[in-house]
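This is final28.txt. It holds compact mmCIF, C-alpha atoms and all ligand atoms.
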# COMPACT_ATOMS: atom_id res chain seq x y z
CA MET A 15 0.00 0.00 0.00
CA GLU A 16 1.22 3.49 -0.83
CA ILE A 17 1.92 5.72 2.18
CA PRO A 18 -0.81 8.32 1.44
CA GLU A 19 -3.31 5.47 1.42
CA LEU A 20 -1.96 4.21 4.74
CA ILE A 21 -2.28 7.69 6.27
CA ARG A 22 -5.81 8.01 4.84
CA THR A 23 -6.81 4.65 6.36
CA LYS A 24 -5.82 5.77 9.86
CA ARG A 25 -7.06 9.32 9.33
CA ASP A 26 -10.50 7.87 8.60
CA GLY A 27 -10.40 5.74 11.75
CA GLN A 28 -9.80 2.33 10.14
CA PRO A 29 -7.39 -0.18 11.67
CA LEU A 30 -4.04 -0.85 10.05
CA THR A 31 -3.10 -4.45 9.26
CA ARG A 32 -0.07 -6.15 10.80
CA GLN A 33 1.53 -6.21 7.36
CA GLN A 34 1.02 -2.46 6.90
CA ILE A 35 2.50 -1.70 10.31
CA PHE A 36 5.57 -3.90 9.77
CA ASP A 37 6.11 -2.43 6.28
CA PHE A 38 5.84 1.12 7.58
CA ILE A 39 8.35 0.54 10.39
CA ARG A 40 10.82 -1.24 8.11
CA ARG A 41 10.67 1.42 5.42
CA TYR A 42 10.73 4.34 7.88
CA THR A 43 13.75 2.94 9.76
CA SER A 44 15.67 2.44 6.49
CA GLY A 45 15.01 6.05 5.47
CA GLU A 46 12.73 5.14 2.56
CA ILE A 47 9.73 6.98 4.06
CA PRO A 48 10.31 10.71 4.68
CA ASP A 49 9.61 12.34 8.05
CA TYR A 50 6.67 14.38 6.68
CA GLN A 51 4.71 11.24 5.82
CA ALA A 52 5.62 9.56 9.11
CA ALA A 53 4.56 12.73 10.96
CA ALA A 54 1.18 12.71 9.23
CA LEU A 55 0.64 9.07 10.19
CA LEU A 56 1.66 9.80 13.81
CA MET A 57 -0.84 12.65 13.96
CA ALA A 58 -3.57 10.39 12.55
CA ILE A 59 -2.70 7.82 15.25
CA TYR A 60 -2.70 10.58 17.88
CA PHE A 61 -6.32 11.43 17.01
CA ARG A 62 -7.67 8.01 16.05
CA GLY A 63 -5.67 5.79 18.41
CA LEU A 64 -4.60 2.18 17.89
CA ASP A 65 -6.54 -0.84 19.09
CA PRO A 66 -4.77 -3.43 21.29
CA ARG A 67 -3.90 -5.62 18.30
CA GLU A 68 -2.42 -2.70 16.34
CA THR A 69 -0.46 -1.55 19.41
CA ALA A 70 0.99 -5.04 19.88
CA ASP A 71 1.90 -5.21 16.17
CA LEU A 72 3.56 -1.79 16.33
CA THR A 73 5.51 -2.84 19.44
CA GLU A 74 6.71 -6.01 17.79
CA ALA A 75 7.65 -4.23 14.57
CA MET A 76 9.64 -1.59 16.50
CA MET A 77 11.30 -4.19 18.72
CA HIS A 78 12.44 -6.11 15.60
CA SER A 79 13.65 -2.96 13.83
CA GLY A 80 17.09 -3.73 15.31
CA GLU A 81 18.86 -6.34 17.35
CA VAL A 82 16.97 -8.22 20.07
CA LEU A 83 19.30 -9.27 22.88
CA ASP A 84 19.42 -12.97 23.52
CA LEU A 85 20.24 -13.37 27.20
CA SER A 86 19.41 -17.08 27.32
CA GLU A 87 22.99 -17.79 28.47
CA PHE A 88 21.96 -16.25 31.83
CA PRO A 89 20.06 -18.86 33.82
CA ALA A 90 18.57 -16.33 36.30
CA PRO A 91 15.30 -14.52 35.51
CA LYS A 92 15.84 -11.32 33.55
CA VAL A 93 13.62 -8.60 34.99
CA ASP A 94 13.78 -4.85 34.46
CA LYS A 95 12.04 -1.78 35.88
CA HIS A 96 10.95 1.23 33.87
CA SER A 97 9.70 4.54 35.19
CA THR A 98 7.70 7.04 33.17
CA GLY A 99 9.92 9.70 34.76
CA GLY A 100 9.75 12.37 37.39
CA VAL A 101 11.63 14.75 39.66
CA GLY A 102 14.10 13.21 42.13
CA ASP A 103 13.15 9.82 40.68
CA LYS A 104 16.38 7.97 41.31
CA THR A 105 15.08 4.50 42.14
CA SER A 106 16.98 2.73 39.31
CA LEU A 107 20.29 3.28 41.12
CA ILE A 108 18.88 1.52 44.16
CA ILE A 109 16.71 -1.12 42.51
CA ALA A 110 19.25 -2.46 39.99
CA PRO A 111 21.91 -3.43 42.59
CA VAL A 112 19.36 -4.76 45.10
CA ALA A 113 17.59 -6.87 42.47
CA ALA A 114 20.91 -8.18 41.14
CA ALA A 115 22.14 -9.00 44.65
CA GLY A 116 18.81 -10.76 45.19
CA GLY A 117 19.28 -13.19 42.29
CA LEU A 118 17.84 -11.41 39.24
CA VAL A 119 19.59 -10.30 36.07
CA VAL A 120 18.80 -6.65 35.35
CA PRO A 121 19.70 -5.48 31.84
CA MET A 122 18.69 -1.85 32.29
CA ILE A 123 18.61 0.47 29.30
CA SER A 124 17.79 3.97 30.49
CA GLY A 125 17.25 7.48 29.22
CA ARG A 126 18.51 11.01 29.76
CA GLY A 127 16.62 13.77 31.50
CA LEU A 128 14.54 16.08 29.37
CA GLY A 129 12.70 19.22 30.49
CA HIS A 130 11.89 19.19 34.19
CA THR A 131 12.39 15.41 34.59
CA GLY A 132 15.74 13.81 35.39
CA GLY A 133 17.30 10.78 33.73
CA THR A 134 19.19 7.77 35.08
CA LEU A 135 22.08 8.17 32.63
CA ASP A 136 22.78 11.75 33.75
CA LYS A 137 22.85 10.66 37.38
CA LEU A 138 25.25 7.79 36.64
CA GLU A 139 27.50 10.05 34.58
CA ALA A 140 27.95 12.28 37.64
CA ILE A 141 30.18 9.43 38.87
CA PRO A 142 33.71 10.11 37.59
CA GLY A 143 34.57 7.69 34.76
CA PHE A 144 31.18 5.93 34.62
CA ASN A 145 30.55 4.82 31.03
CA THR A 146 26.89 4.58 29.98
CA ARG A 147 27.84 3.92 26.34
CA LEU A 148 29.11 0.37 26.65
CA SER A 149 29.18 -1.83 23.57
CA LEU A 150 26.69 -4.68 23.76
CA ALA A 151 29.64 -7.05 24.36
CA ASP A 152 30.75 -5.00 27.39
CA PHE A 153 27.14 -4.72 28.56
CA ARG A 154 27.01 -8.54 28.67
CA ARG A 155 30.38 -8.67 30.46
CA VAL A 156 29.13 -6.37 33.26
CA LEU A 157 25.82 -8.24 33.43
CA LYS A 158 27.68 -11.50 33.85
CA ALA A 159 30.02 -10.13 36.51
CA CYS A 160 27.52 -8.06 38.51
CA GLY A 161 23.99 -9.20 37.61
CA ALA A 162 23.05 -5.68 36.47
CA ALA A 163 24.34 -3.14 33.98
CA LEU A 164 22.94 0.29 33.14
CA ILE A 165 23.45 1.84 29.73
CA GLY A 166 21.79 4.23 27.27
CA GLN A 167 19.77 3.31 24.24
CA THR A 168 22.10 2.12 21.48
CA SER A 169 21.63 2.42 17.74
CA GLU A 170 21.38 -1.38 17.57
CA LEU A 171 18.32 -1.75 19.84
CA ALA A 172 14.88 -0.59 18.62
CA PRO A 173 16.24 2.04 16.19
CA ALA A 174 12.68 2.69 14.93
CA ASP A 175 11.72 4.00 18.36
CA ARG A 176 14.70 6.36 18.50
CA LYS A 177 13.77 7.85 15.15
CA LEU A 178 10.03 7.97 15.80
CA TYR A 179 10.44 9.41 19.31
CA ALA A 180 12.57 12.29 17.97
CA LEU A 181 9.89 12.96 15.35
CA ARG A 182 7.07 12.79 17.91
CA ASP A 183 8.96 15.24 20.11
CA VAL A 184 8.83 17.93 17.41
CA THR A 185 5.35 17.16 16.03
CA ALA A 186 3.30 17.27 19.27
CA THR A 187 2.52 13.56 19.07
CA VAL A 188 4.26 12.32 22.23
CA GLU A 189 1.09 12.33 24.37
CA SER A 190 -0.57 9.31 22.81
CA ILE A 191 -1.07 6.28 25.04
CA PRO A 192 -0.68 3.64 22.29
CA LEU A 193 2.46 5.38 20.96
CA ILE A 194 3.95 5.71 24.45
CA SER A 195 3.12 2.07 25.25
CA ALA A 196 4.68 0.76 22.04
CA SER A 197 7.72 3.02 22.48
CA ILE A 198 8.49 1.88 26.03
CA MET A 199 7.67 -1.77 25.46
CA SER A 200 9.60 -2.17 22.18
CA LYS A 201 12.79 -0.95 23.86
CA LYS A 202 12.27 -3.11 26.92
CA LEU A 203 11.48 -6.25 24.91
CA ALA A 204 14.62 -5.68 22.81
CA GLU A 205 16.60 -6.05 26.08
CA GLY A 206 15.66 -9.73 26.14
CA ILE A 207 13.79 -9.56 29.46
CA ASP A 208 11.37 -12.12 30.90
CA ALA A 209 9.26 -9.62 32.85
CA LEU A 210 8.92 -5.90 33.53
CA VAL A 211 7.83 -3.74 36.43
CA LEU A 212 6.54 -0.34 35.40
CA ASP A 213 6.49 2.69 37.70
CA VAL A 214 3.82 5.00 36.29
CA LYS A 215 4.18 8.39 37.92
CA THR A 216 1.21 10.66 38.46
CA GLY A 217 1.01 14.32 39.51
CA SER A 218 2.45 17.67 38.44
CA GLY A 219 6.03 16.43 37.94
CA ALA A 220 4.94 13.42 35.88
CA PHE A 221 4.40 12.95 32.21
CA MET A 222 0.81 11.92 33.00
CA LYS A 223 -0.51 14.54 35.41
CA ARG A 224 -3.96 13.05 36.03
CA LEU A 225 -4.51 9.75 37.81
CA ALA A 226 -7.05 8.66 35.18
CA ASP A 227 -4.42 9.01 32.41
CA SER A 228 -1.75 7.21 34.45
CA ARG A 229 -4.23 4.40 35.10
CA GLU A 230 -5.09 4.17 31.42
CA LEU A 231 -1.39 3.99 30.47
CA ALA A 232 -0.76 1.34 33.14
CA ARG A 233 -3.71 -0.76 31.91
CA ARG A 234 -2.68 -0.49 28.28
CA MET A 235 0.88 -1.50 29.16
CA VAL A 236 -0.26 -4.52 31.18
CA GLU A 237 -2.50 -5.54 28.26
CA LEU A 238 0.39 -5.07 25.85
CA GLY A 239 2.72 -7.12 28.05
CA ALA A 240 0.18 -9.96 27.97
CA ALA A 241 -0.17 -9.70 24.17
CA CYS A 242 3.62 -9.83 23.81
CA GLY A 243 3.99 -12.73 26.28
CA THR A 244 5.94 -10.65 28.84
CA PRO A 245 4.35 -10.38 32.30
CA LEU A 246 4.14 -6.78 33.40
CA GLN A 247 3.20 -5.34 36.77
CA ALA A 248 2.44 -1.63 36.88
CA ILE A 249 2.48 0.52 40.00
CA ILE A 250 1.14 4.06 40.02
CA THR A 251 3.17 6.29 42.36
CA ASP A 252 2.94 9.90 43.44
CA MET A 253 4.87 12.62 41.64
CA SER A 254 3.12 15.68 43.04
CA GLN A 255 6.30 16.47 45.04
CA PRO A 256 9.90 15.30 44.38
CA LEU A 257 10.76 11.75 45.41
CA GLY A 258 13.26 11.69 48.27
CA HIS A 259 15.15 14.81 49.29
CA ALA A 260 17.67 15.36 46.49
CA VAL A 261 17.08 16.71 42.98
CA GLY A 262 20.18 17.04 40.78
CA ASN A 263 22.60 14.45 39.53
CA ALA A 264 25.55 14.07 41.95
CA LEU A 265 23.22 14.95 44.85
CA GLU A 266 20.90 12.12 43.85
CA VAL A 267 23.82 9.68 43.60
CA ILE A 268 24.70 10.53 47.21
CA GLU A 269 21.09 9.96 48.26
CA CYS A 270 21.10 6.56 46.54
CA LEU A 271 24.33 5.58 48.28
CA GLU A 272 22.72 6.56 51.56
CA ALA A 273 19.70 4.43 50.60
CA LEU A 274 21.96 1.46 49.92
CA LYS A 275 23.30 1.98 53.45
CA GLY A 276 19.75 1.99 54.82
CA ARG A 277 19.56 5.72 55.42
CA ALA A 278 17.21 6.94 52.67
CA PRO A 279 14.19 9.16 53.11
CA ARG A 280 11.08 7.09 53.82
CA ASP A 281 9.30 7.79 50.52
CA LEU A 282 12.31 6.88 48.38
CA MET A 283 12.84 3.66 50.30
CA GLU A 284 9.16 2.71 50.12
CA VAL A 285 8.86 3.15 46.35
CA SER A 286 12.20 1.38 45.73
CA ARG A 287 11.21 -1.50 48.03
CA GLU A 288 7.81 -1.95 46.41
CA LEU A 289 9.15 -1.94 42.85
CA THR A 290 11.98 -4.34 43.69
CA ALA A 291 9.61 -6.64 45.58
CA GLN A 292 7.40 -6.81 42.49
CA MET A 293 10.48 -7.68 40.41
CA PHE A 294 11.32 -10.53 42.81
CA LEU A 295 7.75 -11.82 42.49
CA LEU A 296 7.64 -11.61 38.70
CA GLY A 297 11.08 -13.23 38.50
CA GLY A 298 9.85 -16.08 40.70
CA VAL A 299 12.56 -15.72 43.35
CA GLU A 300 9.88 -14.90 45.95
CA THR A 301 6.29 -16.03 46.27
CA SER A 302 4.77 -13.36 48.51
CA LEU A 303 5.06 -9.59 48.62
CA ALA A 304 5.89 -9.70 52.32
CA SER A 305 8.88 -12.00 51.82
CA ALA A 306 9.96 -10.05 48.72
CA ARG A 307 9.97 -6.82 50.74
CA GLY A 308 11.91 -8.64 53.45
CA ARG A 309 14.50 -9.74 50.88
CA PHE A 310 14.93 -6.10 49.80
CA ASP A 311 15.55 -4.97 53.39
CA ALA A 312 17.92 -7.86 54.11
CA LEU A 313 20.06 -7.06 51.06
CA ILE A 314 20.43 -3.48 52.25
CA VAL A 315 21.20 -4.42 55.85
CA SER A 316 23.81 -7.03 54.86
CA GLY A 317 25.64 -4.54 52.62
CA ALA A 318 25.24 -6.87 49.61
CA ALA A 319 23.35 -4.26 47.58
CA LEU A 320 25.97 -1.56 48.20
CA GLU A 321 28.74 -3.98 47.32
CA THR A 322 26.93 -4.88 44.07
CA PHE A 323 26.54 -1.19 43.23
CA ALA A 324 30.29 -0.65 43.75
CA ARG A 325 31.03 -3.57 41.41
CA ILE A 326 28.69 -2.18 38.74
CA VAL A 327 30.37 1.23 39.00
CA ALA A 328 33.84 -0.30 38.68
CA GLY A 329 32.66 -2.64 35.89
CA GLN A 330 31.46 0.36 33.89
CA GLY A 331 34.72 2.27 34.36
CA GLY A 332 33.60 4.48 37.27
CA ASP A 333 35.39 5.40 40.46
CA ALA A 334 33.91 2.99 43.03
CA ARG A 335 35.57 4.91 45.86
CA ILE A 336 32.59 7.31 45.66
CA THR A 337 30.58 4.75 47.60
CA GLU A 338 32.52 5.73 50.74
CA ASP A 339 33.98 9.10 49.79
CA TYR A 340 31.33 11.51 48.50
CA SER A 341 33.94 14.27 48.04
CA ARG A 342 34.98 12.42 44.87
CA LEU A 343 31.68 13.46 43.28
CA PRO A 344 31.28 16.90 41.67
CA ALA A 345 30.19 19.59 44.16
CA ALA A 346 28.77 23.06 43.51
CA LEU A 347 30.58 26.28 44.52
CA HIS A 348 27.61 27.85 46.33
CA GLN A 349 25.25 26.28 48.85
CA GLU A 350 22.49 28.51 50.14
CA SER A 351 19.41 28.00 52.23
CA PHE A 352 15.82 28.43 51.13
CA VAL A 353 13.89 29.13 54.33
CA ALA A 354 10.27 29.25 55.48
CA TRP A 355 8.78 32.75 55.18
CA GLU A 356 6.17 31.92 57.82
CA SER A 357 5.36 29.18 60.31
CA GLY A 358 2.92 26.37 59.55
CA TYR A 359 2.94 23.10 57.63
CA VAL A 360 4.35 22.48 54.16
CA SER A 361 1.30 21.91 51.96
CA ALA A 362 2.92 21.83 48.48
CA LEU A 363 6.35 21.37 46.91
CA ASP A 364 5.19 21.37 43.33
CA ALA A 365 7.27 18.73 41.56
CA GLU A 366 7.19 20.34 38.13
CA THR A 367 8.27 23.74 39.50
CA VAL A 368 11.05 22.12 41.54
CA GLY A 369 12.18 20.24 38.42
CA ARG A 370 12.23 23.49 36.44
CA ALA A 371 14.20 25.24 39.21
CA SER A 372 16.73 22.44 39.16
CA MET A 373 16.93 22.69 35.37
CA ARG A 374 17.52 26.45 35.70
CA LEU A 375 20.48 25.71 37.98
CA GLY A 376 21.87 23.58 35.14
CA ALA A 377 20.93 20.08 36.37
CA GLY A 378 18.58 19.42 33.44
CA ARG A 379 18.24 20.21 29.76
CA GLU A 380 15.65 21.60 27.34
CA GLN A 381 17.10 19.78 24.34
CA LEU A 382 18.20 16.17 24.22
CA GLU A 383 21.83 16.91 23.27
CA ALA A 384 22.42 19.86 25.67
CA ALA A 385 25.14 19.60 28.35
CA ILE A 386 24.24 19.55 32.04
CA ASP A 387 26.05 20.45 35.25
CA PRO A 388 26.31 17.30 37.42
CA ALA A 389 27.06 19.21 40.65
CA VAL A 390 24.03 21.50 40.98
CA GLY A 391 20.54 20.93 42.35
CA LEU A 392 18.43 21.04 45.47
CA VAL A 393 18.23 19.11 48.71
CA PHE A 394 14.94 19.39 50.57
CA GLU A 395 14.93 19.10 54.33
CA LYS A 396 11.13 19.40 54.53
CA LYS A 397 8.46 17.61 52.57
CA VAL A 398 4.69 17.97 52.33
CA GLY A 399 3.13 17.52 55.79
CA ASP A 400 6.24 18.62 57.73
CA PRO A 401 5.86 21.46 60.26
CA VAL A 402 8.11 24.53 59.72
CA VAL A 403 8.81 27.60 61.76
CA HIS A 404 9.54 31.02 60.31
CA GLY A 405 13.20 31.16 59.14
CA GLU A 406 13.70 27.38 59.27
CA ARG A 407 15.43 25.78 56.28
CA ILE A 408 13.21 24.01 53.74
CA ALA A 409 15.94 23.28 51.18
CA VAL A 410 19.58 23.85 50.30
CA ILE A 411 20.25 25.22 46.82
CA HIS A 412 23.50 23.97 45.25
CA ALA A 413 24.61 26.30 42.44
CA ASN A 414 27.65 27.20 40.40
CA ASP A 415 26.18 30.45 39.08
CA ARG A 416 24.83 33.10 41.48
CA SER A 417 22.30 34.63 39.10
CA ARG A 418 20.80 31.24 38.41
CA LEU A 419 20.69 30.58 42.15
CA GLU A 420 18.47 33.62 42.65
CA GLU A 421 16.19 32.64 39.77
CA ALA A 422 15.92 29.11 41.16
CA ARG A 423 15.09 30.51 44.59
CA GLN A 424 12.18 32.50 43.16
CA MET A 425 10.93 29.46 41.28
CA ILE A 426 11.05 27.28 44.40
CA ARG A 427 9.21 30.00 46.30
CA ALA A 428 6.47 29.96 43.64
CA GLY A 429 6.10 26.17 43.94
CA THR A 430 6.11 25.97 47.76
CA ARG A 431 3.03 26.47 49.97
CA ILE A 432 2.80 26.72 53.74
CA ALA A 433 -0.61 26.27 55.37
CA PRO A 434 -1.59 27.16 58.94
CA GLU A 435 -3.22 23.78 59.67
CA PRO A 436 -1.61 20.28 59.73
CA GLN A 437 -1.33 18.63 56.30
CA THR A 438 -1.54 14.97 55.33
CA PRO A 439 1.24 13.94 52.91
CA PRO A 440 -0.10 12.58 49.59
CA PRO A 441 -0.37 8.78 49.34
CA LEU A 442 2.80 7.41 47.78
CA ILE A 443 1.67 4.19 46.15
CA LEU A 444 -1.71 4.79 44.61
CA GLU A 445 -2.56 1.63 42.69
CA CYS A 446 -1.14 -1.67 41.49
CA ILE A 447 -2.29 -2.92 38.08
CA PRO A 448 -3.25 -5.69 37.59
N1 LIG B 501 9.11 7.40 27.28
C1 LIG B 501 9.38 6.63 26.20
O1 LIG B 501 10.31 5.85 26.21
N2 LIG B 501 8.58 6.72 25.15
C2 LIG B 501 7.54 7.56 25.08
O2 LIG B 501 6.87 7.59 24.08
C3 LIG B 501 7.28 8.38 26.19
C4 LIG B 501 8.08 8.28 27.30
For the file at hand, write its structure as structure tokens.
Ligand code: URA
Amino acid sequence: MEIPELIRTKRDGQPLTRQQIFDFIRRYTSGEIPDYQAAALLMAIYFRGLDPRETADLTEAMMHSGEVLDLSEFPAPKVDKHSTGGVGDKTSLIIAPVAAAGGLVVPMISGRGLGHTGGTLDKLEAIPGFNTRLSLADFRRVLKACGAALIGQTSELAPADRKLYALRDVTATVESIPLISASIMSKKLAEGIDALVLDVKTGSGAFMKRLADSRELARRMVELGAACGTPLQAIITDMSQPLGHAVGNALEVIECLEALKGRAPRDLMEVSRELTAQMFLLGGVETSLASARGRFDALIVSGAALETFARIVAGQGGDARITEDYSRLPAALHQESFVAWESGYVSALDAETVGRASMRLGAGREQLEAAIDPAVGLVFEKKVGDPVVHGERIAVIHANDRSRLEEARQMIRAGTRIAPEPQTPPPLILECIP
């Protein structure tokens, strides 16, 4: 079928056949179909949607647009975690070593931060020497030695998604649940995993701001996992305020190291524990959530998770001495307090505004290829529900540029609310699907 006919079919609300979808992906990836025709099809999909069969076909076509890792040489269950992204969302650096120390193989392919949300690769690259661009051969070597490896998307795995995602980004077609589902799932399936746990964030700092949309994405992903034969457990978690205390790359690495030593903020530990416990269940190394949570705690207490993290860092070329000596991580020149302007209870720390303030300091980027400053960011000492007295510190701003520090301070002020009456913190884990 000619491409205008394909676009017309979807524009008029008719389903595309498996053959049409596979042909489109093959020809678009090879450069035969120009971006303007692909953009028109994406927009038609944005408005008309894809049914579950079309979404599964698109996922499969994108997954097979490049290499699919065969990890059958690893006898242990291969289970990964994916988050839809947020502010202070650093759980991958905790989950990967705990899950690996607990008997799973975790082939984690992660992304960079964009806009107000952070990315796992940027956090890891704050560690001196850490290489997130391993060849697939080196990726396997680290997986074999450590049980987990964390790298960026390569040109070999799901190249159709890379190309389509860049096009969606500039054609206002990112916010489509079937396109998001196929994009995430095609990359994850190309990793050669047996099962996936998905952390769907909801709230102002999330991609999906409304619970109903997060729920819909989670359901569609679970459905898609079943259609592709890969069990998927989705958990919807709060992103109305930052997760944990730290926002900014090196600062988040420190918080993760503290977590691996059992000293993390409660919310960060709870989300990390729940996601890892679900990975243990899906991987079949535990049979109840209670024992899976217990395994998570035991691996932290014994030091096994921290030791695994140090081995991953060293295996990927990084300086593993950072696990004990945080002064080896980049640090900002200026550290200034952001204090309460009145007494009361913190009632909002708007995650999106905090993410934008952190980006203003240089911790994030507007465009995918822009450089970031690994040292800068924010560390909150108060979270929603905490009492504060006038003049008490709410956060420390870490900056390398004074003018940006002042701008960030104003942004944080705009996103912070103090109420006179006690506040209940938002629920952290909202739903599990299925
Ligand atoms: N993350 C992805 O990997 N793909 C999307 O389409 C959206 C978020």
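Of the listed residues A:Leu118, A:Leu55, A:Ile191, A:Leu85, the one whose atoms come nearest to ligand LIG 501 (chain B) is A:Ile191, with distances taken using all atoms listed in the file.
Polymer residues near (-9.2, 2.9, 7.8): counting all atoms listed in the file with a cut-off of 12 Å, they are A:Pro18, A:Glu19, A:Leu20, A:Ile21, A:Arg22, A:Thr23, A:Lys24, A:Arg25, A:Asp26, A:Gly27, A:Gln28, A:Pro29, A:Leu30, A:Thr31, A:Gln34, A:Leu55, A:Ala58, A:Ile59, A:Arg62, A:Gly63, A:Leu64.
Minimum atom-to-atom distance to Leu444 in chain A, evaluated using all atoms listed in the file, belongs to A:Asp252 out of A:Asp281, A:Glu406, A:Asp252, A:Asp84.
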As a quick test: using all atoms listed in the file, which residues lie no more than 12 Å away from ligand LIG 501 (chain B)? Give them as a short mmCIF file (atom, residue, chain, number, x, y, z; two decimals) with C-alpha atoms, in the frame of the given file.
data_model
loop_
_atom_site.label_atom_id
_atom_site.label_comp_id
_atom_site.auth_asym_id
_atom_site.auth_seq_id
_atom_site.Cartn_x
_atom_site.Cartn_y
_atom_site.Cartn_z
CA LEU A 56 1.66 9.80 13.81
CA TYR A 60 -2.70 10.58 17.88
CA THR A 73 5.51 -2.84 19.44
CA HIS A 96 10.95 1.23 33.87
CA SER A 97 9.70 4.54 35.19
CA THR A 98 7.70 7.04 33.17
CA GLY A 99 9.92 9.70 34.76
CA GLY A 100 9.75 12.37 37.39
CA ILE A 123 18.61 0.47 29.30
CA SER A 124 17.79 3.97 30.49
CA GLY A 125 17.25 7.48 29.22
CA ARG A 126 18.51 11.01 29.76
CA GLY A 127 16.62 13.77 31.50
CA LEU A 128 14.54 16.08 29.37
CA THR A 131 12.39 15.41 34.59
CA GLY A 133 17.30 10.78 33.73
CA GLY A 166 21.79 4.23 27.27
CA GLN A 167 19.77 3.31 24.24
CA ALA A 172 14.88 -0.59 18.62
CA ALA A 174 12.68 2.69 14.93
CA ASP A 175 11.72 4.00 18.36
CA ARG A 176 14.70 6.36 18.50
CA LYS A 177 13.77 7.85 15.15
CA LEU A 178 10.03 7.97 15.80
CA TYR A 179 10.44 9.41 19.31
CA ALA A 180 12.57 12.29 17.97
CA LEU A 181 9.89 12.96 15.35
CA ARG A 182 7.07 12.79 17.91
CA ASP A 183 8.96 15.24 20.11
CA ALA A 186 3.30 17.27 19.27
CA THR A 187 2.52 13.56 19.07
CA VAL A 188 4.26 12.32 22.23
CA GLU A 189 1.09 12.33 24.37
CA SER A 190 -0.57 9.31 22.81
CA ILE A 191 -1.07 6.28 25.04
CA PRO A 192 -0.68 3.64 22.29
CA LEU A 193 2.46 5.38 20.96
CA ILE A 194 3.95 5.71 24.45
CA SER A 195 3.12 2.07 25.25
CA ALA A 196 4.68 0.76 22.04
CA SER A 197 7.72 3.02 22.48
CA ILE A 198 8.49 1.88 26.03
CA MET A 199 7.67 -1.77 25.46
CA SER A 200 9.60 -2.17 22.18
CA LYS A 201 12.79 -0.95 23.86
CA LYS A 202 12.27 -3.11 26.92
CA LEU A 212 6.54 -0.34 35.40
CA ASP A 213 6.49 2.69 37.70
CA VAL A 214 3.82 5.00 36.29
CA LYS A 215 4.18 8.39 37.92
CA ALA A 220 4.94 13.42 35.88
CA PHE A 221 4.40 12.95 32.21
CA MET A 222 0.81 11.92 33.00
CA LEU A 231 -1.39 3.99 30.47
CA MET A 235 0.88 -1.50 29.16
#
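Shortest separation to Arg287 in chain A among A:His412, A:Lys92, A:Arg309, A:His259 occurs at residue A:Arg309, atoms counted being all atoms listed in the file.
Among the candidate residues A:Pro440, A:Gly129, A:Gly116, A:Pro111, the one lying nearest to Glu321 in chain A is A:Pro111, with distances computed using only C-alpha atoms.
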Residue contacts of range 238-251 of chain A (8 Å, only C-alpha atoms) excluding same-chain residues fewer than 2 positions away, as a PyMOL selection string: chain A and resi 66+69-70+74+195+199+207-216+228-229+232-236+253+285+289+292+296+442-448
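Ranking A:Gln255, A:Ala422, A:Gly358, A:Met373 by their shortest atom-to-atom distance to Gln437 in chain A, with all atoms listed in the file included, puts A:Gly358 first.
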How far is it from CA of Leu295 in chain A to CA of Gly317 in chain A, in Å with one decimal? 21.8 Å
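Distance-wise, CA of Arg154 in chain A and CA of Pro121 in chain A end up 8.5 Å apart.
Across A:Asp415, A:Asp227, A:Glu170, A:Asp136, the tightest approach to Ile386 in chain A is made by A:Asp136 when counting all atoms listed in the file.
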Could you give me the centre and size, in Å to one decimal, of an axis-aligned box around all listed atoms of range 284-297 of chain A with 6 Å added on every side, as AutoDock Vina command-line options?
--center_x 9.8 --center_y -5.0 --center_z 44.3 --size_x 16.8 --size_y 28.4 --size_z 23.6
Per residue of range 330-437 of chain A within 12 Å of range 264-270 of chain A, which atom pair is closest and at what distance in Å (one decimal), using all atoms listed in the file, listed by chain and increasing number, as CSV?
residue,atom,partner,partner_atom,distance
A:Ile336,CA,A:Ile268,CA,8.7
A:Thr337,CA,A:Ile268,CA,8.3
A:Glu338,CA,A:Ile268,CA,9.8
A:Asp339,CA,A:Ile268,CA,9.7
A:Tyr340,CA,A:Ile268,CA,6.8
A:Ser341,CA,A:Ile268,CA,10.0
A:Arg342,CA,A:Ala264,CA,10.0
A:Leu343,CA,A:Ala264,CA,6.3
A:Pro344,CA,A:Ala264,CA,6.4
A:Ala345,CA,A:Ala264,CA,7.5
A:Ala346,CA,A:Ala264,CA,9.7
A:Ser372,CA,A:Leu265,CA,11.4
A:Ala377,CA,A:Ala264,CA,9.4
A:Ile386,CA,A:Ala264,CA,11.4
A:Asp387,CA,A:Ala264,CA,9.3
A:Pro388,CA,A:Ala264,CA,5.6
A:Ala389,CA,A:Ala264,CA,5.5
A:Val390,CA,A:Ala264,CA,7.6
A:Gly391,CA,A:Leu265,CA,7.0
A:Leu392,CA,A:Leu265,CA,7.8
A:Val393,CA,A:Leu265,CA,7.6
A:Phe394,CA,A:Leu265,CA,11.0
A:Val410,CA,A:Leu265,CA,11.1
A:Ile411,CA,A:Leu265,CA,10.9
A:His412,CA,A:Leu265,CA,9.0
A:Ala413,CA,A:Leu265,CA,11.7
Neighbour list for Thr168 in chain A as an NGL selection string, cut-off 9 Å, only C-alpha atoms, skip fewer than 4 positions in-chain: :A and (123 or 147-150 or 172-173)
With C-alpha atoms retained, export the selected residues as a PDB file, in the frame of the given file.
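Listing of part-v1.pdb after writing:
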ATOM      1  CA  ILE A 123      18.610   0.470  29.300  1.00  0.00           C
ATOM      2  CA  ARG A 147      27.840   3.920  26.340  1.00  0.00           C
ATOM      3  CA  LEU A 148      29.110   0.370  26.650  1.00  0.00           C
ATOM      4  CA  SER A 149      29.180  -1.830  23.570  1.00  0.00           C
ATOM      5  CA  LEU A 150      26.690  -4.680  23.760  1.00  0.00           C
ATOM      6  CA  ALA A 172      14.880  -0.590  18.620  1.00  0.00           C
ATOM      7  CA  PRO A 173      16.240   2.040  16.190  1.00  0.00           C
TER       8      PRO A 173
END
